[in-house]
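Raw coords39.txt, compact mmCIF, N, CA and C atoms:
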# COMPACT_ATOMS: atom_id res chain seq x y z
N MET A 1 -45.88 8.09 -34.66
CA MET A 1 -44.49 7.89 -34.28
C MET A 1 -43.86 9.24 -33.94
N LYS A 2 -42.88 9.20 -33.07
CA LYS A 2 -42.15 10.40 -32.69
C LYS A 2 -41.17 10.78 -33.80
N PRO A 3 -40.77 12.06 -33.82
CA PRO A 3 -39.74 12.46 -34.78
C PRO A 3 -38.44 11.70 -34.52
N VAL A 4 -37.66 11.52 -35.55
CA VAL A 4 -36.41 10.78 -35.44
C VAL A 4 -35.37 11.62 -34.72
N SER A 5 -34.75 11.03 -33.73
CA SER A 5 -33.74 11.70 -32.92
C SER A 5 -32.38 11.67 -33.63
N PRO A 6 -31.56 12.71 -33.42
CA PRO A 6 -30.21 12.70 -33.99
C PRO A 6 -29.25 11.82 -33.19
N GLN A 7 -29.77 11.15 -32.16
CA GLN A 7 -28.95 10.28 -31.31
C GLN A 7 -28.19 9.26 -32.15
N LYS A 8 -26.99 8.94 -31.71
CA LYS A 8 -26.18 7.94 -32.39
C LYS A 8 -26.48 6.56 -31.82
N TYR A 9 -26.54 5.56 -32.67
CA TYR A 9 -26.81 4.19 -32.29
C TYR A 9 -25.64 3.30 -32.72
N LYS A 10 -25.52 2.17 -32.05
CA LYS A 10 -24.52 1.18 -32.42
C LYS A 10 -25.16 0.26 -33.48
N TRP A 11 -24.51 0.14 -34.61
CA TRP A 11 -24.99 -0.69 -35.72
C TRP A 11 -24.06 -1.88 -35.92
N PHE A 12 -24.60 -2.94 -36.49
CA PHE A 12 -23.81 -4.11 -36.83
C PHE A 12 -24.16 -4.51 -38.27
N ALA A 13 -23.16 -4.45 -39.13
CA ALA A 13 -23.33 -4.86 -40.53
C ALA A 13 -22.93 -6.33 -40.63
N VAL A 14 -23.88 -7.18 -40.93
CA VAL A 14 -23.66 -8.62 -41.02
C VAL A 14 -23.07 -8.94 -42.40
N VAL A 15 -21.96 -9.68 -42.41
CA VAL A 15 -21.32 -10.05 -43.67
C VAL A 15 -20.97 -11.53 -43.68
N PRO A 16 -20.80 -12.12 -44.86
CA PRO A 16 -20.35 -13.51 -44.93
C PRO A 16 -18.94 -13.62 -44.33
N PRO A 17 -18.61 -14.79 -43.79
CA PRO A 17 -17.29 -14.99 -43.19
C PRO A 17 -16.15 -14.61 -44.14
N GLY A 18 -15.20 -13.89 -43.60
CA GLY A 18 -14.03 -13.49 -44.37
C GLY A 18 -14.15 -12.15 -45.06
N LEU A 19 -15.34 -11.53 -45.05
CA LEU A 19 -15.53 -10.25 -45.74
C LEU A 19 -15.58 -9.05 -44.79
N GLU A 20 -15.19 -9.28 -43.54
CA GLU A 20 -15.23 -8.19 -42.56
C GLU A 20 -14.35 -7.01 -42.97
N ALA A 21 -13.12 -7.28 -43.42
CA ALA A 21 -12.20 -6.20 -43.80
C ALA A 21 -12.73 -5.45 -45.02
N ALA A 22 -13.32 -6.16 -45.95
CA ALA A 22 -13.88 -5.50 -47.15
C ALA A 22 -15.05 -4.61 -46.77
N ALA A 23 -15.89 -5.07 -45.85
CA ALA A 23 -17.02 -4.26 -45.39
C ALA A 23 -16.53 -3.04 -44.63
N GLN A 24 -15.48 -3.20 -43.84
CA GLN A 24 -14.90 -2.07 -43.12
C GLN A 24 -14.38 -1.03 -44.13
N ALA A 25 -13.72 -1.49 -45.19
CA ALA A 25 -13.21 -0.58 -46.22
C ALA A 25 -14.37 0.13 -46.93
N GLU A 26 -15.45 -0.58 -47.16
CA GLU A 26 -16.62 0.02 -47.80
C GLU A 26 -17.20 1.14 -46.92
N LEU A 27 -17.27 0.90 -45.61
CA LEU A 27 -17.73 1.93 -44.69
C LEU A 27 -16.76 3.11 -44.67
N LYS A 28 -15.47 2.82 -44.71
CA LYS A 28 -14.46 3.88 -44.70
C LYS A 28 -14.62 4.79 -45.92
N ASP A 29 -14.96 4.20 -47.07
CA ASP A 29 -15.21 5.00 -48.28
C ASP A 29 -16.37 5.96 -48.10
N LEU A 30 -17.26 5.65 -47.14
CA LEU A 30 -18.40 6.52 -46.83
C LEU A 30 -18.11 7.42 -45.63
N ASN A 31 -16.83 7.50 -45.24
CA ASN A 31 -16.38 8.30 -44.09
C ASN A 31 -17.01 7.83 -42.77
N VAL A 32 -17.17 6.52 -42.65
CA VAL A 32 -17.71 5.93 -41.43
C VAL A 32 -16.64 5.01 -40.86
N SER A 33 -16.33 5.20 -39.60
CA SER A 33 -15.34 4.37 -38.94
C SER A 33 -16.00 3.09 -38.44
N GLY A 34 -15.51 1.95 -38.90
CA GLY A 34 -16.06 0.67 -38.49
C GLY A 34 -15.01 -0.21 -37.85
N THR A 35 -15.46 -1.12 -37.01
CA THR A 35 -14.58 -2.07 -36.36
C THR A 35 -14.96 -3.48 -36.77
N PRO A 36 -14.06 -4.18 -37.45
CA PRO A 36 -14.39 -5.55 -37.86
C PRO A 36 -14.41 -6.50 -36.66
N VAL A 37 -15.41 -7.34 -36.62
CA VAL A 37 -15.55 -8.39 -35.61
C VAL A 37 -16.01 -9.64 -36.36
N PRO A 38 -15.85 -10.81 -35.78
CA PRO A 38 -16.29 -12.02 -36.49
C PRO A 38 -17.75 -11.91 -36.93
N GLY A 39 -17.97 -12.05 -38.22
CA GLY A 39 -19.33 -12.02 -38.77
C GLY A 39 -19.82 -10.67 -39.20
N GLY A 40 -19.00 -9.61 -39.04
CA GLY A 40 -19.48 -8.30 -39.47
C GLY A 40 -18.61 -7.16 -39.03
N VAL A 41 -19.20 -5.97 -39.07
CA VAL A 41 -18.51 -4.74 -38.71
C VAL A 41 -19.45 -3.90 -37.84
N THR A 42 -18.93 -3.40 -36.73
CA THR A 42 -19.72 -2.49 -35.90
C THR A 42 -19.37 -1.05 -36.27
N PHE A 43 -20.36 -0.19 -36.21
CA PHE A 43 -20.14 1.23 -36.46
C PHE A 43 -21.22 2.03 -35.74
N THR A 44 -21.01 3.32 -35.64
CA THR A 44 -21.96 4.20 -34.96
C THR A 44 -22.50 5.20 -35.96
N ASP A 45 -23.81 5.37 -35.94
CA ASP A 45 -24.48 6.29 -36.86
C ASP A 45 -25.82 6.70 -36.27
N SER A 46 -26.36 7.80 -36.78
CA SER A 46 -27.72 8.18 -36.39
C SER A 46 -28.68 7.20 -37.06
N LEU A 47 -29.93 7.25 -36.65
CA LEU A 47 -30.92 6.36 -37.23
C LEU A 47 -31.07 6.62 -38.73
N LEU A 48 -31.21 7.88 -39.12
CA LEU A 48 -31.40 8.18 -40.54
C LEU A 48 -30.19 7.79 -41.37
N GLU A 49 -28.99 8.09 -40.88
CA GLU A 49 -27.78 7.72 -41.61
C GLU A 49 -27.64 6.21 -41.69
N GLY A 50 -27.90 5.51 -40.59
CA GLY A 50 -27.78 4.06 -40.56
C GLY A 50 -28.73 3.39 -41.52
N VAL A 51 -29.97 3.85 -41.54
CA VAL A 51 -30.95 3.28 -42.47
C VAL A 51 -30.53 3.57 -43.91
N GLY A 52 -29.96 4.74 -44.14
CA GLY A 52 -29.48 5.09 -45.48
C GLY A 52 -28.34 4.20 -45.95
N ARG A 53 -27.61 3.62 -45.02
CA ARG A 53 -26.50 2.73 -45.39
C ARG A 53 -27.00 1.47 -46.10
N VAL A 54 -28.24 1.11 -45.90
CA VAL A 54 -28.81 -0.07 -46.57
C VAL A 54 -28.65 0.05 -48.08
N GLU A 55 -28.87 1.24 -48.60
CA GLU A 55 -28.75 1.46 -50.05
C GLU A 55 -27.32 1.71 -50.49
N GLN A 56 -26.45 2.13 -49.57
CA GLN A 56 -25.08 2.48 -49.93
C GLN A 56 -24.11 1.30 -49.85
N LEU A 57 -24.38 0.37 -48.95
CA LEU A 57 -23.45 -0.74 -48.73
C LEU A 57 -23.85 -1.95 -49.58
N ARG A 58 -22.87 -2.56 -50.20
CA ARG A 58 -23.15 -3.73 -51.04
C ARG A 58 -22.73 -5.04 -50.39
N ILE A 59 -21.74 -5.01 -49.54
CA ILE A 59 -21.22 -6.26 -48.96
C ILE A 59 -22.11 -6.80 -47.84
N PRO A 60 -22.53 -5.98 -46.87
CA PRO A 60 -23.38 -6.53 -45.80
C PRO A 60 -24.72 -7.04 -46.34
N ASN A 61 -25.18 -8.15 -45.78
CA ASN A 61 -26.48 -8.67 -46.20
C ASN A 61 -27.59 -8.28 -45.23
N ARG A 62 -27.22 -7.60 -44.14
CA ARG A 62 -28.20 -7.16 -43.15
C ARG A 62 -27.56 -6.12 -42.25
N LEU A 63 -28.35 -5.12 -41.82
CA LEU A 63 -27.89 -4.15 -40.84
C LEU A 63 -28.78 -4.27 -39.61
N LEU A 64 -28.15 -4.38 -38.45
CA LEU A 64 -28.86 -4.47 -37.19
C LEU A 64 -28.53 -3.24 -36.36
N VAL A 65 -29.52 -2.72 -35.65
CA VAL A 65 -29.30 -1.57 -34.77
C VAL A 65 -29.57 -1.98 -33.33
N GLU A 66 -28.70 -1.56 -32.44
CA GLU A 66 -28.85 -1.87 -31.01
C GLU A 66 -29.59 -0.71 -30.35
N LEU A 67 -30.77 -1.00 -29.83
CA LEU A 67 -31.57 0.04 -29.19
C LEU A 67 -31.22 0.20 -27.71
N VAL A 68 -31.00 -0.90 -27.03
CA VAL A 68 -30.60 -0.87 -25.63
C VAL A 68 -29.63 -2.02 -25.40
N GLU A 69 -28.86 -1.89 -24.35
CA GLU A 69 -27.91 -2.94 -24.02
C GLU A 69 -27.93 -3.13 -22.51
N GLY A 70 -27.87 -4.37 -22.08
CA GLY A 70 -27.82 -4.62 -20.65
C GLY A 70 -27.99 -6.10 -20.36
N ARG A 71 -27.62 -6.46 -19.15
CA ARG A 71 -27.78 -7.84 -18.69
C ARG A 71 -29.00 -7.90 -17.81
N VAL A 72 -29.78 -8.93 -18.00
CA VAL A 72 -30.97 -9.11 -17.16
C VAL A 72 -30.98 -10.54 -16.63
N PHE A 73 -31.51 -10.68 -15.43
CA PHE A 73 -31.59 -12.00 -14.81
C PHE A 73 -33.01 -12.38 -14.43
N THR A 74 -33.91 -11.40 -14.49
CA THR A 74 -35.31 -11.67 -14.16
C THR A 74 -36.21 -11.05 -15.21
N MET A 75 -37.47 -11.47 -15.23
CA MET A 75 -38.45 -10.89 -16.17
C MET A 75 -38.63 -9.40 -15.91
N ASP A 76 -38.63 -9.01 -14.64
CA ASP A 76 -38.80 -7.59 -14.31
C ASP A 76 -37.63 -6.74 -14.80
N GLU A 77 -36.41 -7.27 -14.69
CA GLU A 77 -35.24 -6.55 -15.21
C GLU A 77 -35.32 -6.42 -16.73
N MET A 78 -35.81 -7.49 -17.37
CA MET A 78 -35.95 -7.45 -18.82
C MET A 78 -36.99 -6.41 -19.22
N ALA A 79 -38.09 -6.34 -18.48
CA ALA A 79 -39.13 -5.35 -18.76
C ALA A 79 -38.57 -3.93 -18.58
N GLY A 80 -37.78 -3.73 -17.55
CA GLY A 80 -37.16 -2.42 -17.33
C GLY A 80 -36.24 -2.03 -18.46
N LEU A 81 -35.48 -2.98 -18.98
CA LEU A 81 -34.58 -2.72 -20.10
C LEU A 81 -35.38 -2.38 -21.36
N LEU A 82 -36.46 -3.10 -21.59
CA LEU A 82 -37.30 -2.82 -22.76
C LEU A 82 -37.89 -1.41 -22.71
N LYS A 83 -38.20 -0.94 -21.51
CA LYS A 83 -38.79 0.39 -21.36
C LYS A 83 -37.81 1.50 -21.72
N LYS A 84 -36.52 1.21 -21.71
CA LYS A 84 -35.51 2.21 -22.03
C LYS A 84 -35.36 2.45 -23.54
N ALA A 85 -35.84 1.51 -24.35
CA ALA A 85 -35.70 1.63 -25.81
C ALA A 85 -36.69 2.64 -26.37
N PRO A 86 -36.28 3.40 -27.38
CA PRO A 86 -37.16 4.41 -27.99
C PRO A 86 -38.12 3.78 -29.02
N TRP A 87 -38.98 2.89 -28.56
CA TRP A 87 -39.84 2.13 -29.48
C TRP A 87 -40.70 3.01 -30.36
N GLN A 88 -41.15 4.15 -29.85
CA GLN A 88 -42.06 5.00 -30.62
C GLN A 88 -41.39 5.59 -31.86
N GLN A 89 -40.07 5.58 -31.91
CA GLN A 89 -39.37 6.03 -33.12
C GLN A 89 -39.39 4.95 -34.21
N PHE A 90 -39.70 3.72 -33.82
CA PHE A 90 -39.61 2.60 -34.75
C PHE A 90 -40.96 1.97 -35.07
N LEU A 91 -41.88 2.03 -34.12
CA LEU A 91 -43.16 1.34 -34.27
C LEU A 91 -44.30 2.31 -34.03
N SER A 92 -45.34 2.18 -34.85
CA SER A 92 -46.55 2.96 -34.61
C SER A 92 -47.57 2.03 -33.95
N PRO A 93 -48.62 2.58 -33.36
CA PRO A 93 -49.65 1.72 -32.77
C PRO A 93 -50.30 0.79 -33.78
N LEU A 94 -50.18 1.10 -35.07
CA LEU A 94 -50.78 0.27 -36.11
C LEU A 94 -49.86 -0.83 -36.62
N THR A 95 -48.63 -0.85 -36.14
CA THR A 95 -47.64 -1.83 -36.59
C THR A 95 -48.07 -3.24 -36.21
N GLU A 96 -48.04 -4.13 -37.19
CA GLU A 96 -48.29 -5.55 -36.91
C GLU A 96 -47.04 -6.11 -36.25
N MET A 97 -47.23 -6.86 -35.17
CA MET A 97 -46.09 -7.43 -34.47
C MET A 97 -46.17 -8.95 -34.49
N GLU A 98 -45.03 -9.55 -34.78
CA GLU A 98 -44.88 -10.99 -34.65
C GLU A 98 -43.56 -11.22 -33.96
N LEU A 99 -43.61 -11.77 -32.77
CA LEU A 99 -42.41 -11.95 -31.96
C LEU A 99 -41.96 -13.40 -31.95
N HIS A 100 -40.66 -13.57 -31.95
CA HIS A 100 -40.05 -14.88 -31.77
C HIS A 100 -38.93 -14.68 -30.77
N VAL A 101 -39.04 -15.32 -29.64
CA VAL A 101 -38.06 -15.16 -28.57
C VAL A 101 -37.24 -16.43 -28.45
N SER A 102 -35.94 -16.25 -28.33
CA SER A 102 -35.05 -17.38 -28.11
C SER A 102 -34.49 -17.28 -26.70
N THR A 103 -34.51 -18.37 -25.98
CA THR A 103 -33.95 -18.38 -24.63
C THR A 103 -32.70 -19.24 -24.56
N ARG A 104 -32.09 -19.47 -25.67
CA ARG A 104 -30.87 -20.26 -25.73
C ARG A 104 -29.77 -19.57 -24.93
N HIS A 105 -29.08 -20.29 -24.13
CA HIS A 105 -28.02 -19.75 -23.27
C HIS A 105 -28.56 -18.67 -22.32
N SER A 106 -29.79 -18.81 -21.91
CA SER A 106 -30.41 -17.82 -21.05
C SER A 106 -30.92 -18.46 -19.77
N ARG A 107 -30.86 -17.71 -18.71
CA ARG A 107 -31.43 -18.19 -17.45
C ARG A 107 -32.93 -17.93 -17.42
N LEU A 108 -33.39 -17.09 -18.34
CA LEU A 108 -34.82 -16.83 -18.45
C LEU A 108 -35.41 -17.89 -19.38
N HIS A 109 -35.89 -18.97 -18.80
CA HIS A 109 -36.44 -20.06 -19.58
C HIS A 109 -37.89 -19.74 -19.92
N PHE A 110 -38.59 -20.66 -20.48
CA PHE A 110 -40.00 -20.51 -20.81
C PHE A 110 -40.21 -19.38 -21.82
N ALA A 111 -39.83 -19.64 -23.05
CA ALA A 111 -39.92 -18.65 -24.13
C ALA A 111 -41.33 -18.09 -24.28
N SER A 112 -42.36 -18.91 -24.07
CA SER A 112 -43.72 -18.41 -24.26
C SER A 112 -44.04 -17.31 -23.24
N ASN A 113 -43.62 -17.48 -21.98
CA ASN A 113 -43.83 -16.44 -20.97
C ASN A 113 -43.06 -15.17 -21.32
N LEU A 114 -41.84 -15.35 -21.77
CA LEU A 114 -41.00 -14.22 -22.15
C LEU A 114 -41.61 -13.48 -23.34
N GLU A 115 -42.10 -14.22 -24.32
CA GLU A 115 -42.74 -13.63 -25.49
C GLU A 115 -43.94 -12.78 -25.08
N ARG A 116 -44.78 -13.30 -24.20
CA ARG A 116 -45.95 -12.55 -23.74
C ARG A 116 -45.54 -11.27 -23.03
N ARG A 117 -44.51 -11.37 -22.20
CA ARG A 117 -44.06 -10.19 -21.45
C ARG A 117 -43.48 -9.14 -22.39
N VAL A 118 -42.70 -9.56 -23.38
CA VAL A 118 -42.13 -8.62 -24.35
C VAL A 118 -43.26 -7.95 -25.13
N GLU A 119 -44.22 -8.72 -25.58
CA GLU A 119 -45.34 -8.17 -26.33
C GLU A 119 -46.12 -7.16 -25.49
N THR A 120 -46.36 -7.47 -24.22
CA THR A 120 -47.07 -6.56 -23.32
C THR A 120 -46.30 -5.24 -23.18
N GLU A 121 -44.99 -5.34 -22.98
CA GLU A 121 -44.17 -4.13 -22.81
C GLU A 121 -44.13 -3.30 -24.08
N LEU A 122 -44.02 -3.95 -25.24
CA LEU A 122 -43.99 -3.21 -26.51
C LEU A 122 -45.31 -2.50 -26.76
N LYS A 123 -46.42 -3.20 -26.53
CA LYS A 123 -47.73 -2.58 -26.72
C LYS A 123 -47.90 -1.37 -25.81
N ALA A 124 -47.45 -1.48 -24.58
CA ALA A 124 -47.54 -0.36 -23.65
C ALA A 124 -46.66 0.81 -24.11
N ALA A 125 -45.49 0.49 -24.62
CA ALA A 125 -44.55 1.54 -25.06
C ALA A 125 -45.08 2.32 -26.25
N ILE A 126 -45.78 1.67 -27.15
CA ILE A 126 -46.32 2.37 -28.32
C ILE A 126 -47.79 2.73 -28.15
N LYS A 127 -48.29 2.50 -26.93
CA LYS A 127 -49.66 2.84 -26.57
C LYS A 127 -50.68 2.18 -27.48
N ARG A 128 -50.49 0.89 -27.65
CA ARG A 128 -51.40 0.09 -28.47
C ARG A 128 -52.32 -0.70 -27.56
N PRO A 129 -53.63 -0.74 -27.87
CA PRO A 129 -54.56 -1.49 -27.01
C PRO A 129 -54.31 -2.98 -27.03
What would the structure in this file look like if it were written as structure tokens?
Amino acid sequence: MKPVSPQKYKWFAVVPPGLEAAAQAELKDLNVSGTPVPGGVTFTDSLLEGVGRVEQLRIPNRLLVELVEGRVFTMDEMAGLLKKAPWQQFLSPLTEMELHVSTRHSRLHFASNLERRVETELKAAIKRP
């Protein structure tokens, strides 16, 4: 794996309904500015700081990190977007992968084709045979 970058990422702290303000206050106590949204709080942090929040935060039941953002309408556009993500910071060639793709509300139907394409792109990104 590559060394961890100091780059800032967009994080989402998932909380039970109605606890968004409490989670925002918890982040504020850690000197992190968060924005409450339905179902959680968004905030910006480096990878190391964000992962460290798992042990510091008590209200969120899950932390999600956004690696890339974009709209895609074709499989090729989706593959291009996947190539922009810093996968080598997160996955090693030895990482076991199990993918589940949802195409709900998507114009990219055929989840099995999408799953195969995502798996191919991830393996190529981490240089896995």
Completion exercise
Closest of A:Met78, A:Leu99, A:Ile59, A:Val32 to Leu19 in chain A, counting all atoms listed in the file, is A:Ile59
Problem - Test item, strand (DSSP E or B) assignment across range 20-81 of chain A, answer as a PyMOL selection string - result: chain A and resi 34-37+40-46+62-66
Which parts of range 76-129 of chain A does DSSP call helix (DSSP H, G or I) when run on the backbone here, written out as a PDB file with N, CA and C atoms, in the frame of the given file?
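Contents of part.pdb, freshly written:
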ATOM      1  N   ASP A  76     -38.630  -9.010 -14.640  1.00  0.00           N
ATOM      2  CA  ASP A  76     -38.800  -7.590 -14.310  1.00  0.00           C
ATOM      3  C   ASP A  76     -37.630  -6.740 -14.800  1.00  0.00           C
ATOM      4  N   GLU A  77     -36.410  -7.270 -14.690  1.00  0.00           N
ATOM      5  CA  GLU A  77     -35.240  -6.550 -15.210  1.00  0.00           C
ATOM      6  C   GLU A  77     -35.320  -6.420 -16.730  1.00  0.00           C
ATOM      7  N   MET A  78     -35.810  -7.490 -17.370  1.00  0.00           N
ATOM      8  CA  MET A  78     -35.950  -7.450 -18.820  1.00  0.00           C
ATOM      9  C   MET A  78     -36.990  -6.410 -19.220  1.00  0.00           C
ATOM     10  N   ALA A  79     -38.090  -6.340 -18.480  1.00  0.00           N
ATOM     11  CA  ALA A  79     -39.130  -5.350 -18.760  1.00  0.00           C
ATOM     12  C   ALA A  79     -38.570  -3.930 -18.580  1.00  0.00           C
ATOM     13  N   GLY A  80     -37.780  -3.730 -17.550  1.00  0.00           N
ATOM     14  CA  GLY A  80     -37.160  -2.420 -17.330  1.00  0.00           C
ATOM     15  C   GLY A  80     -36.240  -2.030 -18.460  1.00  0.00           C
ATOM     16  N   LEU A  81     -35.480  -2.980 -18.980  1.00  0.00           N
ATOM     17  CA  LEU A  81     -34.580  -2.720 -20.100  1.00  0.00           C
ATOM     18  C   LEU A  81     -35.380  -2.380 -21.360  1.00  0.00           C
ATOM     19  N   LEU A  82     -36.460  -3.100 -21.590  1.00  0.00           N
ATOM     20  CA  LEU A  82     -37.300  -2.820 -22.760  1.00  0.00           C
ATOM     21  C   LEU A  82     -37.890  -1.410 -22.710  1.00  0.00           C
ATOM     22  N   LYS A  83     -38.200  -0.940 -21.510  1.00  0.00           N
ATOM     23  CA  LYS A  83     -38.790   0.390 -21.360  1.00  0.00           C
ATOM     24  C   LYS A  83     -37.810   1.500 -21.720  1.00  0.00           C
ATOM     25  N   LYS A  84     -36.520   1.210 -21.710  1.00  0.00           N
ATOM     26  CA  LYS A  84     -35.510   2.210 -22.030  1.00  0.00           C
ATOM     27  C   LYS A  84     -35.360   2.450 -23.540  1.00  0.00           C
ATOM     28  N   TRP A  87     -38.980   2.890 -28.560  1.00  0.00           N
ATOM     29  CA  TRP A  87     -39.840   2.130 -29.480  1.00  0.00           C
ATOM     30  C   TRP A  87     -40.700   3.010 -30.360  1.00  0.00           C
ATOM     31  N   GLN A  88     -41.150   4.150 -29.850  1.00  0.00           N
ATOM     32  CA  GLN A  88     -42.060   5.000 -30.620  1.00  0.00           C
ATOM     33  C   GLN A  88     -41.390   5.590 -31.860  1.00  0.00           C
ATOM     34  N   GLN A  89     -40.070   5.580 -31.910  1.00  0.00           N
ATOM     35  CA  GLN A  89     -39.370   6.030 -33.120  1.00  0.00           C
ATOM     36  C   GLN A  89     -39.390   4.950 -34.210  1.00  0.00           C
ATOM     37  N   ALA A 111     -39.830 -19.640 -23.050  1.00  0.00           N
ATOM     38  CA  ALA A 111     -39.920 -18.650 -24.130  1.00  0.00           C
ATOM     39  C   ALA A 111     -41.330 -18.090 -24.280  1.00  0.00           C
ATOM     40  N   SER A 112     -42.360 -18.910 -24.070  1.00  0.00           N
ATOM     41  CA  SER A 112     -43.720 -18.410 -24.260  1.00  0.00           C
ATOM     42  C   SER A 112     -44.040 -17.310 -23.240  1.00  0.00           C
ATOM     43  N   ASN A 113     -43.620 -17.480 -21.980  1.00  0.00           N
ATOM     44  CA  ASN A 113     -43.830 -16.440 -20.970  1.00  0.00           C
ATOM     45  C   ASN A 113     -43.060 -15.170 -21.320  1.00  0.00           C
ATOM     46  N   LEU A 114     -41.840 -15.350 -21.770  1.00  0.00           N
ATOM     47  CA  LEU A 114     -41.000 -14.220 -22.150  1.00  0.00           C
ATOM     48  C   LEU A 114     -41.610 -13.480 -23.340  1.00  0.00           C
ATOM     49  N   GLU A 115     -42.100 -14.220 -24.320  1.00  0.00           N
ATOM     50  CA  GLU A 115     -42.740 -13.630 -25.490  1.00  0.00           C
ATOM     51  C   GLU A 115     -43.940 -12.780 -25.080  1.00  0.00           C
ATOM     52  N   ARG A 116     -44.780 -13.300 -24.200  1.00  0.00           N
ATOM     53  CA  ARG A 116     -45.950 -12.550 -23.740  1.00  0.00           C
ATOM     54  C   ARG A 116     -45.540 -11.270 -23.030  1.00  0.00           C
ATOM     55  N   ARG A 117     -44.510 -11.370 -22.200  1.00  0.00           N
ATOM     56  CA  ARG A 117     -44.060 -10.190 -21.450  1.00  0.00           C
ATOM     57  C   ARG A 117     -43.480  -9.140 -22.390  1.00  0.00           C
ATOM     58  N   VAL A 118     -42.700  -9.560 -23.380  1.00  0.00           N
ATOM     59  CA  VAL A 118     -42.130  -8.620 -24.350  1.00  0.00           C
ATOM     60  C   VAL A 118     -43.260  -7.950 -25.130  1.00  0.00           C
ATOM     61  N   GLU A 119     -44.220  -8.720 -25.580  1.00  0.00           N
ATOM     62  CA  GLU A 119     -45.340  -8.170 -26.330  1.00  0.00           C
ATOM     63  C   GLU A 119     -46.120  -7.160 -25.490  1.00  0.00           C
ATOM     64  N   THR A 120     -46.360  -7.470 -24.220  1.00  0.00           N
ATOM     65  CA  THR A 120     -47.070  -6.560 -23.320  1.00  0.00           C
ATOM     66  C   THR A 120     -46.300  -5.240 -23.180  1.00  0.00           C
ATOM     67  N   GLU A 121     -44.990  -5.340 -22.980  1.00  0.00           N
ATOM     68  CA  GLU A 121     -44.170  -4.130 -22.810  1.00  0.00           C
ATOM     69  C   GLU A 121     -44.130  -3.300 -24.080  1.00  0.00           C
ATOM     70  N   LEU A 122     -44.020  -3.950 -25.240  1.00  0.00           N
ATOM     71  CA  LEU A 122     -43.990  -3.210 -26.510  1.00  0.00           C
ATOM     72  C   LEU A 122     -45.310  -2.500 -26.760  1.00  0.00           C
ATOM     73  N   LYS A 123     -46.420  -3.200 -26.530  1.00  0.00           N
ATOM     74  CA  LYS A 123     -47.730  -2.580 -26.720  1.00  0.00           C
ATOM     75  C   LYS A 123     -47.900  -1.370 -25.810  1.00  0.00           C
ATOM     76  N   ALA A 124     -47.450  -1.480 -24.580  1.00  0.00           N
ATOM     77  CA  ALA A 124     -47.540  -0.360 -23.650  1.00  0.00           C
ATOM     78  C   ALA A 124     -46.660   0.810 -24.110  1.00  0.00           C
ATOM     79  N   ALA A 125     -45.490   0.490 -24.620  1.00  0.00           N
ATOM     80  CA  ALA A 125     -44.550   1.540 -25.060  1.00  0.00           C
ATOM     81  C   ALA A 125     -45.080   2.320 -26.250  1.00  0.00           C
TER      82      ALA A 125
END
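One finds atom N of Trp11 in chain A at 25.7 Å from CA of Arg117 in chain A.
Shortest atom-to-atom contact with Thr74 in chain A among A:Ala25, A:Val37, A:Leu108, A:Gly50: A:Leu108, counting only N, CA and C atoms.
Using only C-alpha atoms, the smallest distance between any of A:Thr103, A:Asn113, A:Leu122, A:Ser46 and Gly80 in chain A comes from A:Leu122.
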Problem - Residue list as a list of chain:residue names for point (-27.7, 7.2, -32.0), cut-off 6 Å, only N, CA and C atoms - result: A:Pro6, A:Gln7, A:Lys8, A:Tyr9, A:Lys10, A:Asp45, A:Ser46, A:Leu47
I need the residues from that last selection saved to file as a PDB file, in the frame of the given file (with N, CA and C atoms), if you can.
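Written file, part20.pdb:
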ATOM      1  N   PRO A   6     -31.560  12.710 -33.420  1.00  0.00           N
ATOM      2  CA  PRO A   6     -30.210  12.700 -33.990  1.00  0.00           C
ATOM      3  C   PRO A   6     -29.250  11.820 -33.190  1.00  0.00           C
ATOM      4  N   GLN A   7     -29.770  11.150 -32.160  1.00  0.00           N
ATOM      5  CA  GLN A   7     -28.950  10.280 -31.310  1.00  0.00           C
ATOM      6  C   GLN A   7     -28.190   9.260 -32.150  1.00  0.00           C
ATOM      7  N   LYS A   8     -26.990   8.940 -31.710  1.00  0.00           N
ATOM      8  CA  LYS A   8     -26.180   7.940 -32.390  1.00  0.00           C
ATOM      9  C   LYS A   8     -26.480   6.560 -31.820  1.00  0.00           C
ATOM     10  N   TYR A   9     -26.540   5.560 -32.670  1.00  0.00           N
ATOM     11  CA  TYR A   9     -26.810   4.190 -32.290  1.00  0.00           C
ATOM     12  C   TYR A   9     -25.640   3.300 -32.720  1.00  0.00           C
ATOM     13  N   LYS A  10     -25.520   2.170 -32.050  1.00  0.00           N
ATOM     14  CA  LYS A  10     -24.520   1.180 -32.420  1.00  0.00           C
ATOM     15  C   LYS A  10     -25.160   0.260 -33.480  1.00  0.00           C
ATOM     16  N   ASP A  45     -23.810   5.370 -35.940  1.00  0.00           N
ATOM     17  CA  ASP A  45     -24.480   6.290 -36.860  1.00  0.00           C
ATOM     18  C   ASP A  45     -25.820   6.700 -36.270  1.00  0.00           C
ATOM     19  N   SER A  46     -26.360   7.800 -36.780  1.00  0.00           N
ATOM     20  CA  SER A  46     -27.720   8.180 -36.390  1.00  0.00           C
ATOM     21  C   SER A  46     -28.680   7.200 -37.060  1.00  0.00           C
ATOM     22  N   LEU A  47     -29.930   7.250 -36.650  1.00  0.00           N
ATOM     23  CA  LEU A  47     -30.920   6.360 -37.230  1.00  0.00           C
ATOM     24  C   LEU A  47     -31.070   6.620 -38.730  1.00  0.00           C
TER      25      LEU A  47
END
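Going from CA of Leu64 in chain A over to CA of Glu20 in chain A, you cover 15.1 Å.
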Please write out, as JSON, where the centre of an axis-aligned box around all listed atoms of range 13-26 of chain A lies and how long its edges are, in Å to one decimal, after adding 3 Å on each side.
{"center_x": -18.0, "center_y": -6.9, "center_z": -43.5, "size_x": 17.7, "size_y": 22.1, "size_z": 14.7}
Problem - Atomic distance atom C of Thr42 in chain A - CA of Gln24 in chain A, expressed in Å with one decimal - result: 8.2 Å
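Using only C-alpha atoms, the shortest contact distance between Ala125 in chain A and any of A:Lys83, A:Arg107, A:Arg71, A:Arg53 is found at A:Lys83.
When all atoms listed in the file are used to measure the gap to Leu67 in chain A, the shortest distance among A:Gly52, A:Pro86, A:Thr120, A:Phe12 belongs to A:Pro86.
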